[in-house]
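Dropping protein.cif in here (mmCIF, C-alpha atoms):
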data_input
loop_
_atom_site.label_atom_id
_atom_site.label_comp_id
_atom_site.auth_asym_id
_atom_site.auth_seq_id
_atom_site.Cartn_x
_atom_site.Cartn_y
_atom_site.Cartn_z
CA MET J 261 58.65 30.27 105.29
CA THR J 262 59.21 26.61 105.95
CA PRO J 263 62.54 24.89 105.20
CA GLY J 264 60.91 23.05 102.29
CA TRP J 265 59.74 26.34 100.76
CA VAL J 266 63.25 27.82 101.08
CA VAL J 267 64.80 24.76 99.42
CA ARG J 268 62.31 24.94 96.53
CA ARG J 269 63.00 28.63 96.00
CA ILE J 270 66.74 28.08 96.04
CA GLY J 271 66.37 25.22 93.57
CA PHE J 272 64.22 27.39 91.31
CA TYR J 273 66.75 30.23 91.24
CA VAL J 274 69.62 27.80 90.65
CA LEU J 275 67.73 26.33 87.68
CA VAL J 276 67.05 29.79 86.27
CA ALA J 277 70.72 30.72 86.69
CA VAL J 278 71.84 27.55 84.88
CA VAL J 279 69.46 28.18 81.98
CA LEU J 280 70.57 31.81 81.69
CA ALA J 281 74.23 30.76 81.75
CA PHE J 282 73.52 28.20 79.01
CA PHE J 283 72.34 30.98 76.71
CA ALA J 284 74.70 33.69 77.98
CA VAL J 285 78.00 31.83 77.55
CA PRO J 286 77.90 31.74 73.70
CA MET J 287 76.85 35.40 73.61
CA LEU J 288 79.72 36.39 75.91
CA TRP J 289 82.17 34.45 73.76
CA LEU J 290 80.81 36.12 70.62
CA ALA J 291 81.19 39.55 72.22
CA GLY J 292 84.77 39.04 73.44
CA ALA J 293 86.56 36.57 71.16
CA PRO J 294 86.52 38.76 68.00
CA PHE J 295 88.61 41.38 69.81
CA ASP J 296 90.92 39.04 71.71
CA ALA J 297 94.57 38.81 70.65
CA ARG J 298 94.57 35.13 71.68
CA PRO J 299 91.02 33.86 71.08
CA GLY J 300 90.10 30.42 72.35
CA PHE J 301 87.07 28.29 73.01
CA GLY J 302 86.74 29.50 76.59
CA ILE J 303 85.53 32.78 78.07
CA ARG J 304 88.04 35.21 79.52
CA TRP J 305 88.72 38.90 79.59
CA PRO J 306 90.09 39.65 76.10
CA GLU J 307 93.40 41.26 75.24
CA TRP J 308 91.81 43.96 73.13
CA THR J 309 92.95 44.18 69.52
CA LEU J 310 91.52 44.79 66.06
CA SER J 311 93.93 42.46 64.27
CA ASN J 312 91.26 39.74 64.03
CA VAL J 313 88.93 42.17 62.28
CA HIS J 314 91.63 43.13 59.80
CA ALA J 315 92.44 39.45 59.15
CA THR J 316 88.79 38.68 58.49
CA LEU J 317 88.35 41.60 56.11
CA ARG J 318 91.49 40.50 54.25
CA HIS J 319 90.07 37.00 53.77
CA PRO J 320 89.42 36.54 50.02
CA PHE J 321 85.86 35.23 50.44
CA ALA J 322 84.60 36.40 53.86
CA VAL J 323 82.95 39.68 52.85
CA ARG J 324 81.87 38.29 49.50
CA SER J 325 80.11 35.37 51.17
CA LEU J 326 78.14 37.76 53.38
CA VAL J 327 77.05 39.68 50.28
CA ASN J 328 76.05 36.39 48.65
CA SER J 329 73.98 35.53 51.72
CA LEU J 330 72.20 38.87 51.53
CA VAL J 331 71.42 38.38 47.83
CA LEU J 332 70.05 34.87 48.41
CA CYS J 333 68.00 35.94 51.42
CA LEU J 334 66.56 39.08 49.85
CA VAL J 335 65.43 37.22 46.73
CA ALA J 336 64.08 34.23 48.68
CA THR J 337 62.32 36.46 51.21
CA ALA J 338 60.76 38.68 48.54
CA VAL J 339 59.51 35.68 46.54
CA THR J 340 58.18 33.89 49.63
CA THR J 341 56.42 36.93 51.09
CA THR J 342 54.89 38.07 47.79
CA PHE J 343 53.55 34.70 46.68
CA ALA J 344 52.48 33.72 50.19
CA ALA J 345 50.43 36.92 50.56
CA THR J 346 48.64 36.55 47.23
CA ALA J 347 48.09 32.79 47.61
CA ALA J 348 46.86 33.16 51.19
CA TYR J 349 44.36 35.82 50.09
CA ALA J 350 43.10 33.67 47.23
CA LEU J 351 42.74 30.57 49.40
CA SER J 352 41.02 32.59 52.10
CA ARG J 353 38.44 34.27 49.86
CA VAL J 354 37.82 31.79 47.04
CA ARG J 355 35.76 28.73 47.87
CA ILE J 356 37.61 25.81 46.31
CA PRO J 357 36.49 22.20 46.92
CA GLY J 358 39.06 20.51 49.14
CA ARG J 359 40.80 23.79 49.96
CA ASP J 360 41.64 22.91 53.55
CA ALA J 361 42.84 19.44 52.55
CA LEU J 362 45.05 21.03 49.90
CA LEU J 363 46.64 23.32 52.50
CA TYR J 364 47.39 20.46 54.84
CA VAL J 365 48.83 18.36 52.01
CA LEU J 366 51.10 21.22 50.95
CA LEU J 367 52.24 21.72 54.52
CA LEU J 368 52.83 17.99 54.97
CA LEU J 369 54.81 17.73 51.76
CA SER J 370 56.90 20.77 52.65
CA SER J 371 57.72 19.17 56.00
CA VAL J 372 58.38 15.63 54.80
CA VAL J 373 59.75 15.93 51.26
CA THR J 374 62.54 18.32 52.12
CA GLY J 375 66.12 18.15 53.28
CA THR J 376 68.12 15.12 52.19
CA ALA J 377 65.02 13.37 50.75
CA ALA J 378 64.68 15.98 48.01
CA MET J 379 68.31 16.75 47.32
CA VAL J 380 68.87 14.29 44.47
CA PRO J 381 65.80 15.27 42.38
CA LEU J 382 66.42 18.95 43.08
CA PHE J 383 70.03 18.68 41.97
CA VAL J 384 69.07 16.79 38.80
CA LEU J 385 66.33 19.33 38.02
CA MET J 386 68.65 22.30 38.52
CA LEU J 387 71.34 20.59 36.43
CA GLN J 388 68.93 20.03 33.55
CA LEU J 389 67.76 23.65 33.76
CA GLY J 390 71.34 24.90 33.74
CA LEU J 391 70.92 26.64 37.11
CA ILE J 392 73.82 25.06 38.96
CA ASP J 393 76.01 27.87 40.34
CA SER J 394 73.10 30.30 39.93
CA ARG J 395 72.37 32.35 43.02
CA PHE J 396 68.97 33.33 41.65
CA GLY J 397 68.04 29.71 40.97
CA THR J 398 69.20 28.66 44.43
CA ALA J 399 67.13 31.45 46.00
CA LEU J 400 64.05 30.23 44.11
CA VAL J 401 64.57 26.69 45.40
CA ILE J 402 64.91 27.99 48.96
CA ALA J 403 61.76 30.07 48.53
CA GLY J 404 59.87 27.10 47.13
CA GLY J 405 60.68 25.08 50.22
CA MET J 406 59.39 27.80 52.54
CA LEU J 407 56.31 28.79 50.54
CA PRO J 408 53.80 26.12 51.71
CA ALA J 409 54.40 26.83 55.40
CA ALA J 410 54.30 30.59 54.74
CA ILE J 411 50.93 30.30 52.96
CA PHE J 412 49.56 28.16 55.77
CA ILE J 413 50.63 30.67 58.43
CA LEU J 414 49.57 33.79 56.56
CA LYS J 415 46.13 32.43 55.66
CA ASP J 416 45.11 32.62 59.33
CA PHE J 417 45.93 36.33 59.38
CA VAL J 418 43.97 36.95 56.16
CA ASP J 419 41.00 34.98 57.51
CA SER J 420 40.77 37.45 60.41
CA VAL J 421 40.20 40.41 58.05
CA PRO J 422 36.43 41.10 57.95
CA ARG J 423 34.90 40.78 54.51
CA SER J 424 32.84 43.89 55.19
CA TYR J 425 36.00 45.99 54.80
CA GLU J 426 36.50 44.65 51.28
CA GLU J 427 32.85 45.12 50.39
CA SER J 428 33.00 48.75 51.51
CA ALA J 429 36.08 49.32 49.36
CA ARG J 430 34.38 47.77 46.33
CA VAL J 431 31.34 50.01 46.83
CA PHE J 432 33.66 53.01 46.42
CA GLY J 433 35.07 51.55 43.19
CA ALA J 434 38.25 49.86 44.41
CA SER J 435 39.71 47.24 42.08
CA PRO J 436 40.72 43.78 43.38
CA ARG J 437 44.35 44.88 43.38
CA GLN J 438 43.50 47.98 45.42
CA VAL J 439 41.43 45.92 47.85
CA LEU J 440 44.38 43.61 48.41
CA GLY J 441 47.01 46.34 48.60
CA HIS J 442 45.11 49.01 50.56
CA VAL J 443 42.71 47.02 52.74
CA VAL J 444 43.75 43.41 53.32
CA LEU J 445 47.54 43.60 53.47
CA PRO J 446 47.73 46.61 55.86
CA ILE J 447 45.45 44.82 58.33
CA ALA J 448 47.44 41.58 57.93
CA ARG J 449 50.68 43.49 58.49
CA PRO J 450 51.70 41.55 61.66
CA GLY J 451 51.46 38.29 59.73
CA ILE J 452 53.48 39.67 56.84
CA ALA J 453 56.13 40.93 59.25
CA THR J 454 56.26 37.50 60.86
CA ILE J 455 56.66 35.76 57.50
CA LEU J 456 59.28 38.31 56.47
CA VAL J 457 61.49 37.64 59.48
CA TRP J 458 60.81 33.89 59.45
CA SER J 459 61.72 33.45 55.78
CA PHE J 460 64.82 35.63 56.03
CA VAL J 461 66.13 33.72 59.05
CA ASN J 462 65.47 30.36 57.39
CA ALA J 463 67.17 31.42 54.17
CA TRP J 464 70.07 33.02 56.05
CA GLY J 465 70.87 29.84 57.94
CA ASN J 466 70.27 27.43 55.05
CA PHE J 467 73.38 25.32 54.47
CA LEU J 468 72.44 22.21 52.51
CA LEU J 469 70.86 23.73 49.41
CA PRO J 470 73.58 26.35 48.71
CA PHE J 471 76.23 23.72 49.49
CA LEU J 472 74.85 21.43 46.78
CA LEU J 473 73.79 23.94 44.16
CA LEU J 474 76.60 26.52 44.37
CA ARG J 475 79.91 24.91 43.46
CA ASP J 476 81.83 28.16 42.91
CA VAL J 477 83.36 29.32 46.20
CA GLY J 478 82.94 32.93 45.12
CA LYS J 479 79.14 32.46 44.98
CA GLN J 480 78.68 30.50 48.20
CA PRO J 481 76.93 32.19 51.16
CA ALA J 482 78.37 32.67 54.62
CA ALA J 483 76.67 29.55 56.04
CA VAL J 484 78.63 27.39 53.57
CA LEU J 485 81.90 29.30 53.83
CA MET J 486 81.91 28.91 57.61
CA ARG J 487 82.99 25.26 57.33
CA THR J 488 86.08 26.18 55.30
CA LEU J 489 87.52 28.67 57.82
CA GLN J 490 90.53 26.61 58.84
CA ASP J 491 94.18 27.32 59.40
CA GLU J 492 97.09 25.60 57.66
CA GLY J 493 96.93 22.69 60.10
CA GLY J 494 93.28 21.99 59.34
CA SER J 495 92.03 23.28 62.70
CA ALA J 496 89.39 25.94 63.18
CA ASP J 497 90.84 29.37 62.45
CA LEU J 498 89.99 31.19 65.68
CA THR J 499 91.39 34.42 64.27
CA VAL J 500 88.70 34.67 61.60
CA ILE J 501 85.79 32.60 62.91
CA PRO J 502 84.83 34.86 65.89
CA VAL J 503 84.72 38.04 63.79
CA PHE J 504 83.00 36.24 60.93
CA SER J 505 80.41 34.81 63.35
CA LEU J 506 79.75 38.28 64.75
CA LEU J 507 79.27 39.75 61.27
CA TYR J 508 77.09 36.78 60.34
CA SER J 509 74.70 37.40 63.24
CA ILE J 510 74.26 41.15 62.70
CA PRO J 511 71.79 41.15 59.73
CA VAL J 512 69.28 38.88 61.45
CA VAL J 513 69.35 40.94 64.65
CA LEU J 514 69.00 44.20 62.73
CA LEU J 515 66.09 42.83 60.70
CA TYR J 516 64.22 41.80 63.82
CA LEU J 517 64.81 45.17 65.49
CA VAL J 518 63.74 47.15 62.41
CA VAL J 519 60.61 45.08 61.77
CA SER J 520 59.66 45.03 65.45
CA ARG J 521 60.09 48.79 65.78
CA ARG J 522 58.51 49.83 62.49
CA TYR J 523 55.73 47.30 62.09
CA GLY J 524 55.58 45.35 65.31
CA PHE J 525 54.24 41.88 65.90
CA ARG J 526 50.99 43.00 67.48
CA PHE J 527 47.68 41.60 66.37
CA HIS J 528 45.67 44.70 65.58
CA GLY J 529 43.89 46.47 62.77
CA GLY J 530 40.36 45.06 62.74
CA ILE J 531 37.66 43.09 64.47
CA LYS J 532 36.30 39.76 63.41
CA SER J 533 32.94 39.84 61.78
#
For the file at hand, write its structure as structure tokens.
Amino acid sequence: MTPGWVVRRIGFYVLVAVVLAFFAVPMLWLAGAPFDARPGFGIRWPEWTLSNVHATLRHPFAVRSLVNSLVLCLVATAVTTTFAATAAYALSRVRIPGRDALLYVLLLLSSVVTGTAAMVPLFVLMLQLGLIDSRFGTALVIAGGMLPAAIFILKDFVDSVPRSYEESARVFGASPRQVLGHVVLPIARPGIATILVWSFVNAWGNFLLPFLLLRDVGKQPAAVLMRTLQDEGGSADLTVIPVFSLLYSIPVVLLYLVVSRRYGFRFHGGIKS
């Protein structure tokens, strides 16, 4: 144990402690500020009270915005997962000229032509279709933005399913739908679980699209309503924001725990042929 070794070890543990504190401080604030009678931006032992919870529940749009977020995310996640699974299976099994190039082009377009670059044409399109202030239409737009990347990711999982499994099922008279539903998708379950969580988290935190396409405050999701939580002086309302932030984080954490416990993210189910 030379002095240099001791100094390096101390430096390593100090770095680890700093990184842990960087991630722990927001979590500690989120755990204590919602129940503090005098919440602030710093961390301290709270003066325990439930008045902040009552104030948040009395807010005219707080609970409604969380319900709107759930509606948007459930629709967008269902559309993304369903179409990604079927498209990934088709692209994996059907030999199409330029298939790989098509996948990369879709992924490139989904990465480049998104965000602010696509807002004006998307808004004009939704306006012409009469889908402004439509939660279903907004969910479809969100799903469309996530679909290319979801197909690209899920295709790798479908590629790992041996074709011999499908051939055996067809020998016993299984239809294409049964092959997909009873053979391919159960083996690709880790990929589907990954896409499920990934799409839900992306839709849950999406701000720009709902902000532009949902003009009615009563239809806006929690990510958009968060910016309006201010007091009469125009400052951040620290009575409502901590509780609202805690409620906002719960669905994503619960989804991860449920999917991880029930389905897992383990790569199992078959061997490559």
If you count only C-alpha atoms, which residues fall within 10 Å of Asp476 (chain J), apart from same-chain ones fewer than 2 positions away, as a ChimeraX atom specification? /J:392-394,471,473-474,478-480
What does the PyMOL selection byres ((chain J and resi 482-491) around 9) select in this file, as JSON, numbers by chain? {"J": [321, 322, 323, 324, 325, 326, 327, 328, 329, 464, 465, 466, 467, 468, 470, 471, 477, 480, 481, 492, 493, 494, 495, 496, 497, 498, 500, 501, 504, 505, 508]}
CA of Val335 (chain J) sits from CA of Ala463 (chain J) at a separation of 9.6 Å
Calculated over only C-alpha atoms, which of the candidates J:Leu334, J:Val278, J:Ala293, J:Ala344 has the smallest distance to Val313 (chain J)?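 Ranked by minimum distance to Val313 (chain J), first place goes to J:Ala293.
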On this structure, the PyMOL selection byres ((chain J and resi 349) around 9) would catch which residues? List them as number ranges by chain, sorted by chain and number. J: 344-348, 350-354, 414-415, 418-419, 440, 444
Do you know which residues are at most 9 Å from Thr309 (chain J) counting all atoms listed in the file, after dropping those on the same chain fewer than 2 positions away, and could you put them as JSON, numbers by chain? {"J": [294, 295, 296, 297, 306, 307, 311, 312, 313]}
Applied to this file, what does the PyMOL selection byres ((chain J and resi 446) around 12) return in terms of residues, put as a ChimeraX atom specification? /J:345,417-418,421,425,438-445,447-453,523,527-530
Quick one: everything within 12 Å of Leu288 (chain J), counting all atoms listed in the file, minus sequence neighbours fewer than 2 positions away in the same chain. Send it as a PDB file with C-alpha atoms, in the frame of the given file.
ATOM      1  CA  LEU J 280      70.570  31.810  81.690  1.00  0.00           C
ATOM      2  CA  ALA J 281      74.230  30.760  81.750  1.00  0.00           C
ATOM      3  CA  PHE J 282      73.520  28.200  79.010  1.00  0.00           C
ATOM      4  CA  PHE J 283      72.340  30.980  76.710  1.00  0.00           C
ATOM      5  CA  ALA J 284      74.700  33.690  77.980  1.00  0.00           C
ATOM      6  CA  VAL J 285      78.000  31.830  77.550  1.00  0.00           C
ATOM      7  CA  PRO J 286      77.900  31.740  73.700  1.00  0.00           C
ATOM      8  CA  LEU J 290      80.810  36.120  70.620  1.00  0.00           C
ATOM      9  CA  ALA J 291      81.190  39.550  72.220  1.00  0.00           C
ATOM     10  CA  GLY J 292      84.770  39.040  73.440  1.00  0.00           C
ATOM     11  CA  ALA J 293      86.560  36.570  71.160  1.00  0.00           C
ATOM     12  CA  PRO J 294      86.520  38.760  68.000  1.00  0.00           C
ATOM     13  CA  PHE J 295      88.610  41.380  69.810  1.00  0.00           C
ATOM     14  CA  PHE J 301      87.070  28.290  73.010  1.00  0.00           C
ATOM     15  CA  GLY J 302      86.740  29.500  76.590  1.00  0.00           C
ATOM     16  CA  ILE J 303      85.530  32.780  78.070  1.00  0.00           C
ATOM     17  CA  ARG J 304      88.040  35.210  79.520  1.00  0.00           C
ATOM     18  CA  TRP J 305      88.720  38.900  79.590  1.00  0.00           C
ATOM     19  CA  PRO J 306      90.090  39.650  76.100  1.00  0.00           C
ATOM     20  CA  PRO J 502      84.830  34.860  65.890  1.00  0.00           C
ATOM     21  CA  LEU J 506      79.750  38.280  64.750  1.00  0.00           C
TER      22      LEU J 506
END
Residue with the minimum atom-to-atom distance to Pro381 (chain J), picked from J:Leu472, J:Arg355, J:Ala434, J:Cys333 with all atoms listed in the file counted, is J:Leu472
Distance criterion (all atoms listed in the file): nearest to Thr340 (chain J) out of J:Ile510, J:Leu407, J:Leu515, J:Ala315: J:Leu407
